[in-house]
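S.K.: Here you go, run.cif (mmCIF, C-alpha atoms and all ligand atoms):
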```cif
data_my_file
loop_
_atom_site.label_atom_id
_atom_site.label_comp_id
_atom_site.auth_asym_id
_atom_site.auth_seq_id
_atom_site.Cartn_x
_atom_site.Cartn_y
_atom_site.Cartn_z
CA MET A 227 -5.72 12.10 -90.68
CA THR A 228 -2.16 11.52 -91.83
CA ARG A 229 0.56 11.81 -89.25
CA ARG A 230 2.66 14.92 -89.67
CA ARG A 231 4.55 17.36 -87.59
CA MET A 232 2.50 19.91 -85.71
CA ILE A 233 4.26 23.24 -85.53
CA TYR A 234 1.88 25.22 -83.39
CA GLU A 235 -1.59 25.02 -81.92
CA GLY A 236 -3.37 28.35 -81.61
CA LYS A 237 -6.83 29.24 -80.35
CA ALA A 238 -8.65 28.68 -83.64
CA LYS A 239 -6.07 26.98 -85.86
CA ILE A 240 -3.40 24.30 -85.86
CA LEU A 241 -0.32 24.69 -88.03
CA TYR A 242 1.38 21.63 -89.52
CA GLU A 243 4.53 21.28 -91.51
CA GLY A 244 3.68 21.53 -95.22
CA PRO A 245 4.61 19.10 -97.99
CA GLU A 246 7.51 21.26 -99.20
CA PRO A 247 10.01 23.43 -97.35
CA GLY A 248 8.64 26.91 -96.83
CA THR A 249 5.02 25.74 -96.72
CA ILE A 250 2.62 25.27 -93.84
CA ILE A 251 -0.81 23.66 -93.54
CA GLN A 252 -3.38 25.72 -91.62
CA TYR A 253 -6.08 23.55 -90.03
CA PHE A 254 -9.21 25.49 -89.01
CA LYS A 255 -10.77 24.34 -85.71
CA ASP A 256 -14.29 24.93 -84.41
CA ASP A 257 -12.88 26.29 -81.13
CA ALA A 258 -13.79 29.84 -80.27
CA THR A 259 -12.21 32.03 -77.61
CA ALA A 260 -12.82 35.56 -76.47
CA PHE A 261 -11.46 38.03 -73.91
CA ASN A 262 -7.91 36.70 -74.15
CA ALA A 263 -9.17 33.09 -73.95
CA GLN A 264 -11.04 33.62 -70.67
CA LYS A 265 -14.20 32.55 -72.51
CA LYS A 266 -14.00 29.30 -74.46
CA GLY A 267 -16.46 27.34 -76.57
CA THR A 268 -17.02 25.74 -79.92
CA ILE A 269 -19.03 26.90 -82.90
CA ASN A 270 -20.02 23.83 -84.91
CA GLY A 271 -18.69 23.95 -88.44
CA LYS A 272 -16.92 27.29 -87.92
CA GLY A 273 -13.59 25.92 -89.10
CA VAL A 274 -15.08 24.71 -92.36
CA ILE A 275 -16.75 28.07 -93.03
CA ASN A 276 -13.73 30.17 -92.04
CA ASN A 277 -11.49 28.08 -94.28
CA ARG A 278 -13.81 28.86 -97.22
CA ILE A 279 -14.33 32.52 -96.41
CA SER A 280 -10.63 33.11 -95.86
CA GLU A 281 -9.78 31.33 -99.13
CA HIS A 282 -12.30 33.54 -100.93
CA VAL A 283 -11.04 36.81 -99.45
CA PHE A 284 -7.33 36.01 -99.83
CA THR A 285 -7.85 34.91 -103.43
CA LEU A 286 -9.60 38.18 -104.30
CA LEU A 287 -6.95 40.22 -102.47
CA GLY A 288 -4.27 38.32 -104.39
CA ASN A 289 -6.09 39.19 -107.62
CA ILE A 290 -5.76 42.93 -106.90
CA GLY A 291 -2.06 42.56 -106.18
CA ILE A 292 -1.89 42.25 -102.41
CA PRO A 293 0.86 39.73 -101.60
CA THR A 294 -0.52 37.02 -99.30
CA HIS A 295 0.64 33.73 -97.81
CA PHE A 296 -2.32 31.81 -99.30
CA ILE A 297 -1.42 29.09 -101.81
CA LYS A 298 -4.52 26.88 -102.05
CA ARG A 299 -7.28 25.23 -100.07
CA LEU A 300 -6.58 21.53 -99.58
CA ASN A 301 -9.85 20.25 -98.13
CA MET A 302 -12.77 21.28 -95.90
CA ARG A 303 -10.62 22.38 -92.98
CA GLU A 304 -7.13 22.89 -94.37
CA GLN A 305 -5.26 25.28 -96.58
CA LEU A 306 -1.70 25.37 -97.81
CA VAL A 307 0.10 28.64 -97.10
CA ARG A 308 3.61 30.03 -97.32
CA GLN A 309 5.64 29.86 -94.16
CA VAL A 310 6.34 33.34 -92.84
CA GLU A 311 8.17 34.88 -89.96
CA ILE A 312 5.18 36.35 -88.21
CA VAL A 313 5.35 40.05 -87.30
CA PRO A 314 4.18 40.06 -83.65
CA ILE A 315 1.57 42.74 -84.23
CA GLU A 316 -2.19 42.69 -84.69
CA VAL A 317 -3.27 45.45 -87.03
CA VAL A 318 -6.84 46.57 -86.38
CA VAL A 319 -8.61 48.64 -89.03
CA ARG A 320 -11.75 50.53 -87.97
CA ASN A 321 -14.47 52.20 -89.99
CA VAL A 322 -17.19 52.36 -87.34
CA ALA A 323 -16.78 52.65 -83.55
CA ALA A 324 -17.24 49.33 -81.73
CA GLY A 325 -15.68 47.02 -79.17
CA SER A 326 -12.58 48.16 -77.34
CA LEU A 327 -12.49 51.51 -79.15
CA SER A 328 -15.98 52.40 -77.93
CA LYS A 329 -15.11 51.29 -74.41
CA ARG A 330 -11.70 52.97 -74.22
CA TYR A 331 -12.74 56.36 -75.60
CA GLY A 332 -16.45 56.41 -74.71
CA ILE A 333 -17.65 56.55 -78.33
CA GLU A 334 -21.05 54.98 -78.84
CA GLU A 335 -21.00 51.71 -80.79
CA GLY A 336 -22.14 52.24 -84.35
CA THR A 337 -20.79 55.79 -84.68
CA PRO A 338 -19.24 56.08 -88.16
CA LEU A 339 -15.63 57.27 -87.96
CA GLN A 340 -14.66 60.46 -89.82
CA ARG A 341 -11.60 58.65 -91.10
CA THR A 342 -10.38 55.08 -90.98
CA ILE A 343 -8.36 54.34 -87.87
CA LEU A 344 -5.41 51.95 -87.82
CA GLU A 345 -4.39 50.53 -84.47
CA TYR A 346 -1.56 48.21 -83.51
CA TYR A 347 -1.57 45.67 -80.70
CA TYR A 348 1.44 43.70 -79.49
CA LYS A 349 0.73 39.96 -79.83
CA ASP A 350 1.44 38.68 -76.35
CA ASP A 351 -1.20 36.73 -74.46
CA ALA A 352 0.59 37.13 -71.12
CA LEU A 353 0.41 40.91 -71.52
CA GLY A 354 -3.16 40.79 -72.86
CA ASP A 355 -2.19 42.10 -76.34
CA PRO A 356 -1.58 45.74 -75.33
CA LEU A 357 -2.35 48.67 -77.64
CA ILE A 358 0.94 50.06 -78.96
CA THR A 359 2.15 52.86 -81.20
CA GLU A 360 4.48 52.88 -84.20
CA GLU A 361 7.18 54.18 -81.87
CA HIS A 362 7.05 51.00 -79.80
CA ILE A 363 7.07 48.80 -82.88
CA VAL A 364 10.19 50.38 -84.31
CA CYS A 365 11.94 50.93 -80.96
CA PHE A 366 11.50 47.32 -79.86
CA GLY A 367 12.35 45.97 -83.32
CA TRP A 368 9.02 44.20 -83.94
CA ALA A 369 9.06 45.68 -87.45
CA GLY A 370 11.26 48.20 -89.25
CA GLN A 371 10.05 51.65 -90.31
CA ASP A 372 9.86 50.60 -93.98
CA GLU A 373 8.03 47.41 -93.08
CA LEU A 374 5.56 49.41 -91.03
CA HIS A 375 4.86 51.64 -94.02
CA ASP A 376 4.19 48.57 -96.17
CA ILE A 377 1.92 47.15 -93.48
CA ALA A 378 -0.10 50.35 -93.15
CA ASP A 379 -0.41 50.78 -96.94
CA MET A 380 -1.59 47.19 -97.34
CA ALA A 381 -4.03 47.45 -94.44
CA ILE A 382 -5.67 50.50 -96.05
CA ARG A 383 -5.86 48.78 -99.46
CA VAL A 384 -7.34 45.67 -97.86
CA ASN A 385 -9.88 47.83 -96.06
CA ASP A 386 -10.91 49.68 -99.23
CA PHE A 387 -11.32 46.45 -101.13
CA MET A 388 -13.07 44.54 -98.37
CA SER A 389 -15.43 47.40 -97.51
CA GLY A 390 -16.70 47.31 -101.10
CA MET A 391 -16.78 43.56 -101.25
CA PHE A 392 -18.89 43.29 -98.09
CA ALA A 393 -21.09 46.26 -99.03
CA ALA A 394 -21.91 44.46 -102.28
CA VAL A 395 -23.54 41.68 -100.24
CA GLY A 396 -25.27 44.02 -97.79
CA ILE A 397 -22.72 43.84 -94.98
CA ARG A 398 -21.03 46.76 -93.20
CA LEU A 399 -17.35 46.14 -92.48
CA VAL A 400 -17.15 47.77 -89.04
CA ASP A 401 -13.61 46.70 -88.11
CA PHE A 402 -11.21 43.83 -88.55
CA LYS A 403 -7.83 42.47 -87.58
CA LEU A 404 -4.94 41.62 -89.89
CA GLU A 405 -1.64 39.87 -89.34
CA PHE A 406 1.44 40.12 -91.50
CA GLY A 407 4.54 38.01 -91.99
CA ARG A 408 8.00 38.31 -93.45
CA VAL A 409 9.30 36.12 -96.26
CA TRP A 410 12.97 36.06 -97.13
CA GLU A 411 14.14 36.20 -100.72
CA ASN A 412 17.92 35.96 -100.73
CA ASP A 413 18.93 38.67 -98.26
CA PHE A 414 15.76 40.68 -98.60
CA ALA A 415 12.66 40.43 -96.45
CA ARG A 416 9.24 41.20 -97.89
CA ILE A 417 6.00 41.76 -95.97
CA ILE A 418 2.98 39.68 -96.97
CA LEU A 419 -0.52 39.30 -95.56
CA ALA A 420 -0.84 36.19 -93.37
CA ASP A 421 -3.18 34.42 -90.91
CA GLU A 422 -6.88 34.43 -91.93
CA ILE A 423 -9.73 36.80 -92.71
CA SER A 424 -13.05 35.50 -91.40
CA PRO A 425 -15.95 36.49 -89.12
CA ASP A 426 -13.65 35.49 -86.20
CA GLY A 427 -11.56 38.60 -86.73
CA CYS A 428 -14.02 41.02 -88.32
CA ARG A 429 -17.09 42.92 -87.14
CA LEU A 430 -19.72 42.46 -89.82
CA TRP A 431 -23.14 44.07 -89.47
CA ASP A 432 -26.06 43.48 -91.77
CA MET A 433 -26.65 46.82 -93.51
CA ALA A 434 -30.43 46.52 -93.41
CA THR A 435 -30.97 45.24 -89.86
CA ASN A 436 -27.64 45.93 -88.08
CA GLU A 437 -27.65 42.28 -87.05
CA LYS A 438 -24.20 41.07 -86.07
CA LEU A 439 -22.76 38.40 -88.38
CA ASP A 440 -19.49 37.75 -86.56
CA LYS A 441 -17.81 36.53 -83.38
CA ASP A 442 -19.56 39.15 -81.25
CA ARG A 443 -22.50 36.70 -81.24
CA PHE A 444 -20.25 34.37 -79.24
CA ARG A 445 -18.48 37.07 -77.19
CA ARG A 446 -21.81 38.60 -76.12
CA ASP A 447 -23.83 35.38 -75.77
CA LEU A 448 -26.26 36.40 -78.51
CA GLY A 449 -26.66 32.86 -79.89
CA GLY A 450 -26.98 31.97 -83.58
CA GLU A 451 -23.23 31.93 -84.18
CA VAL A 452 -23.32 29.07 -86.70
CA GLU A 453 -26.15 30.69 -88.65
CA ALA A 454 -24.35 34.04 -88.73
CA TYR A 455 -21.11 32.57 -90.10
CA GLN A 456 -23.10 30.53 -92.63
CA GLU A 457 -24.96 33.64 -93.71
CA VAL A 458 -21.71 35.44 -94.54
CA ALA A 459 -20.52 32.43 -96.57
CA ARG A 460 -23.91 32.13 -98.27
CA ARG A 461 -23.91 35.79 -99.37
CA PHE A 462 -20.57 35.24 -101.08
CA GLY A 463 -22.02 32.23 -102.87
CA LEU A 464 -19.79 29.84 -100.94
CA LEU A 465 -22.66 27.77 -99.55
CA PRO A 466 -25.20 27.16 -102.29
CA GLU A 467 -28.65 26.63 -100.88
CA THR A 468 -30.41 23.38 -101.65
CA GLU A 469 -34.07 23.16 -100.78
CA GLY A 470 -34.01 25.04 -97.52
CA ALA A 471 -30.91 23.42 -96.08
CA THR A 472 -27.43 24.60 -96.84
CA VAL A 473 -24.95 22.15 -98.28
CA LEU A 474 -22.97 22.50 -95.08
CA ASP A 475 -25.95 21.38 -92.95
CA MET A 476 -26.42 18.33 -95.10
CA GLN A 477 -22.76 17.41 -95.01
CA SER A 478 -22.56 17.76 -91.27
CA HIS A 479 -25.65 15.57 -90.85
CA ARG A 480 -23.93 12.89 -92.86
CA GLY A 481 -20.87 13.30 -90.68
CA LYS A 482 -18.68 14.21 -93.61
CA LEU A 483 -17.58 17.57 -92.33
CA ASP A 484 -13.87 16.71 -92.38
CA SER A 485 -13.72 14.65 -95.55
N1 LIG A 501 -9.75 41.18 -83.05
C1 LIG A 501 -9.23 39.92 -83.29
N2 LIG A 501 -8.38 39.36 -82.39
C2 LIG A 501 -8.03 39.98 -81.23
C3 LIG A 501 -8.58 41.25 -80.98
C4 LIG A 501 -9.43 41.81 -81.91
O1 LIG A 501 -9.51 39.33 -84.32
O2 LIG A 501 -7.24 39.41 -80.45
C5 LIG A 501 -10.66 41.80 -84.02
C6 LIG A 501 -12.09 41.80 -83.52
O3 LIG A 501 -12.79 40.69 -84.02
C7 LIG A 501 -12.64 43.07 -84.09
C8 LIG A 501 -11.42 43.99 -84.23
O4 LIG A 501 -10.29 43.14 -84.18
O5 LIG A 501 -13.15 42.85 -85.39
C9 LIG A 501 -11.36 45.02 -83.15
O6 LIG A 501 -11.45 44.40 -81.89
P1 LIG A 501 -11.49 45.26 -80.55
O7 LIG A 501 -10.17 45.96 -80.37
O8 LIG A 501 -12.69 46.11 -80.54
O9 LIG A 501 -11.48 44.20 -79.40
P2 LIG A 501 -12.64 43.37 -78.72
O10 LIG A 501 -13.80 44.25 -78.53
O11 LIG A 501 -12.88 42.25 -79.69
O12 LIG A 501 -11.99 42.91 -77.45
#
```
Show me the file's structure as structure tokens.
M.R.:
Amino acid sequence: MTRRRMIYEGKAKILYEGPEPGTIIQYFKDDATAFNAQKKGTINGKGVINNRISEHVFTLLGNIGIPTHFIKRLNMREQLVRQVEIVPIEVVVRNVAAGSLSKRYGIEEGTPLQRTILEYYYKDDALGDPLITEEHIVCFGWAGQDELHDIADMAIRVNDFMSGMFAAVGIRLVDFKLEFGRVWENDFARIILADEISPDGCRLWDMATNEKLDKDRFRRDLGGEVEAYQEVARRFGLLPETEGATVLDMQSHRGKLDS
């Protein structure tokens, strides 16, 4: 790998300085964490799959007019993105009760929600990413009122689009997490979609069997993480099958995963 300046190492990605000012390279790792990094492990090939899935989703979202940081995929594990000033908020969109919502409010997992719920969490590992309201966001200056409107509008559009996109391949989009960033154009800041969209940050249930095709397999020790991530990629036509083995399997056997 060429030597370049690392900007930040997160739980699942490393960010490097990009080739031009205002660009960043996102490197997708196989590392998986859960419960605020109390549980750690690796999912073989996850980075490769998430890079592809995220490229696919961001490209389609870009096509319907959602502004995103995605520029292009560079190789198996890396993509070029626009540098943004990250808004320190995780936006969670929910269509079906699961996870922390079910636990916090005592709603059985799998209960369809009467209306889509948007939640905001403050991105701070030391505080355990607490649930916050719009009042906190504006009061503490994490985002302005106008920016928050843009974020909420985009989150709903992303949800509508992605719900249909996953339904088309037999997957229920239960919930997911989005992150947004600010880009400066002269003196004006604009909000764009950032980070990644992959089974790491979504709950994806097979519509026919309710099988989980996401990081809950890792969080809940269900096994079959690699297969689940591959299955999502396969349904989107990102991993063409060749005589029983996926292309990804064959490449990893030949040790070419990072070429
Ligand atoms: N999520 C995420 N990163 C986080 C917290 C949540 O990507 O730090 C995603 C998670 O994968 C799920 C959704 O956001 O799709 C809702 O997660 P929830 O609040 O239920 O938390 P969890 O049960 O994962 O602790």
S.K.: Which residue out of A:Ile290, A:Ala263, A:Val274, A:Leu241 has the minimum interatomic distance to Asp355 in chain A when only C-alpha atoms are used?
M.R.: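 Of the candidates, the smallest distance to Asp355 in chain A is held by A:Ala263.
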S.K.: Excluding Leu339 in chain A and any residue of its chain fewer than 6 positions from it, enumerate the residues within 9 Å of it, using only C-alpha atoms, and give them as a VMD selection string.
M.R.: chain A and resid 320 to 323
S.K.: Report, in Å to a single decimal, how far apart CA of Leu464 in chain A and CA of Val395 in chain A are.
M.R.: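 If I compute the distance from CA of Val395 in chain A to CA of Leu464 in chain A, I get 12.4 Å.
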S.K.: With a cut-off of 9 Å, could you pull out the residues of chain A touching ligand LIG 501 (chain A) and give me the nearest pair of atoms for each, distance in Å to one decimal, using all atoms listed in the file, ordered by chain and ascending number, as a tab-separated table?
M.R.:
```
residue	atom	partner	partner_atom	distance
A:Ala260	CA	A:LIG501	O11	7.4
A:Phe261	CA	A:LIG501	O12	6.1
A:Asn262	CA	A:LIG501	O2	6.9
A:Glu316	CA	A:LIG501	C2	7.3
A:Val317	CA	A:LIG501	O4	7.9
A:Val318	CA	A:LIG501	O4	5.3
A:Val319	CA	A:LIG501	C8	7.2
A:Arg320	CA	A:LIG501	C9	7.3
A:Ala323	CA	A:LIG501	O8	8.3
A:Ala324	CA	A:LIG501	O8	5.7
A:Gly325	CA	A:LIG501	O10	3.4
A:Ser326	CA	A:LIG501	O8	3.8
A:Leu327	CA	A:LIG501	O8	5.6
A:Ser328	CA	A:LIG501	O8	7.6
A:Lys329	CA	A:LIG501	O10	8.3
A:Glu345	CA	A:LIG501	O7	8.4
A:Tyr347	CA	A:LIG501	C3	8.3
A:Lys349	CA	A:LIG501	O2	8.0
A:Asp351	CA	A:LIG501	O2	8.9
A:Gly354	CA	A:LIG501	O2	8.7
A:Asp355	CA	A:LIG501	O2	7.0
A:Leu357	CA	A:LIG501	O7	8.7
A:Leu399	CA	A:LIG501	O5	8.9
A:Val400	CA	A:LIG501	O5	7.3
A:Asp401	CA	A:LIG501	O5	4.7
A:Phe402	CA	A:LIG501	O5	3.8
A:Lys403	CA	A:LIG501	O4	4.2
A:Leu404	CA	A:LIG501	O1	7.6
A:Ile423	CA	A:LIG501	O1	8.8
A:Ser424	CA	A:LIG501	O1	8.8
A:Pro425	CA	A:LIG501	O3	7.3
A:Asp426	CA	A:LIG501	O3	5.7
A:Gly427	CA	A:LIG501	O1	3.2
A:Cys428	CA	A:LIG501	O5	3.6
A:Arg429	CA	A:LIG501	O5	4.3
A:Leu430	CA	A:LIG501	O5	7.9
A:Asp440	CA	A:LIG501	O3	7.7
A:Lys441	CA	A:LIG501	O3	6.6
A:Asp442	CA	A:LIG501	O3	7.5
A:Arg445	CA	A:LIG501	O11	8.0
```
S.K.: Kindly provide the residues of range 254-290 of chain A that approach range 303-306 of chain A to within 9 Å, each paired with its closest atom pair and their distance in Å to one decimal, based on all atoms listed in the file, listed by chain and increasing number, as a Markdown table.
M.R.:
```
| residue | atom | partner | partner_atom | distance |
| --- | --- | --- | --- | --- |
| A:Phe254 | CA | A:Arg303 | CA | 5.2 |
| A:Lys255 | CA | A:Arg303 | CA | 7.5 |
| A:Gly273 | CA | A:Arg303 | CA | 6.0 |
| A:Val274 | CA | A:Arg303 | CA | 5.1 |
| A:Ile275 | CA | A:Arg303 | CA | 8.4 |
| A:Asn276 | CA | A:Arg303 | CA | 8.4 |
| A:Asn277 | CA | A:Arg303 | CA | 5.9 |
| A:Arg278 | CA | A:Arg303 | CA | 8.4 |
| A:Glu281 | CA | A:Gln305 | CA | 8.0 |
```
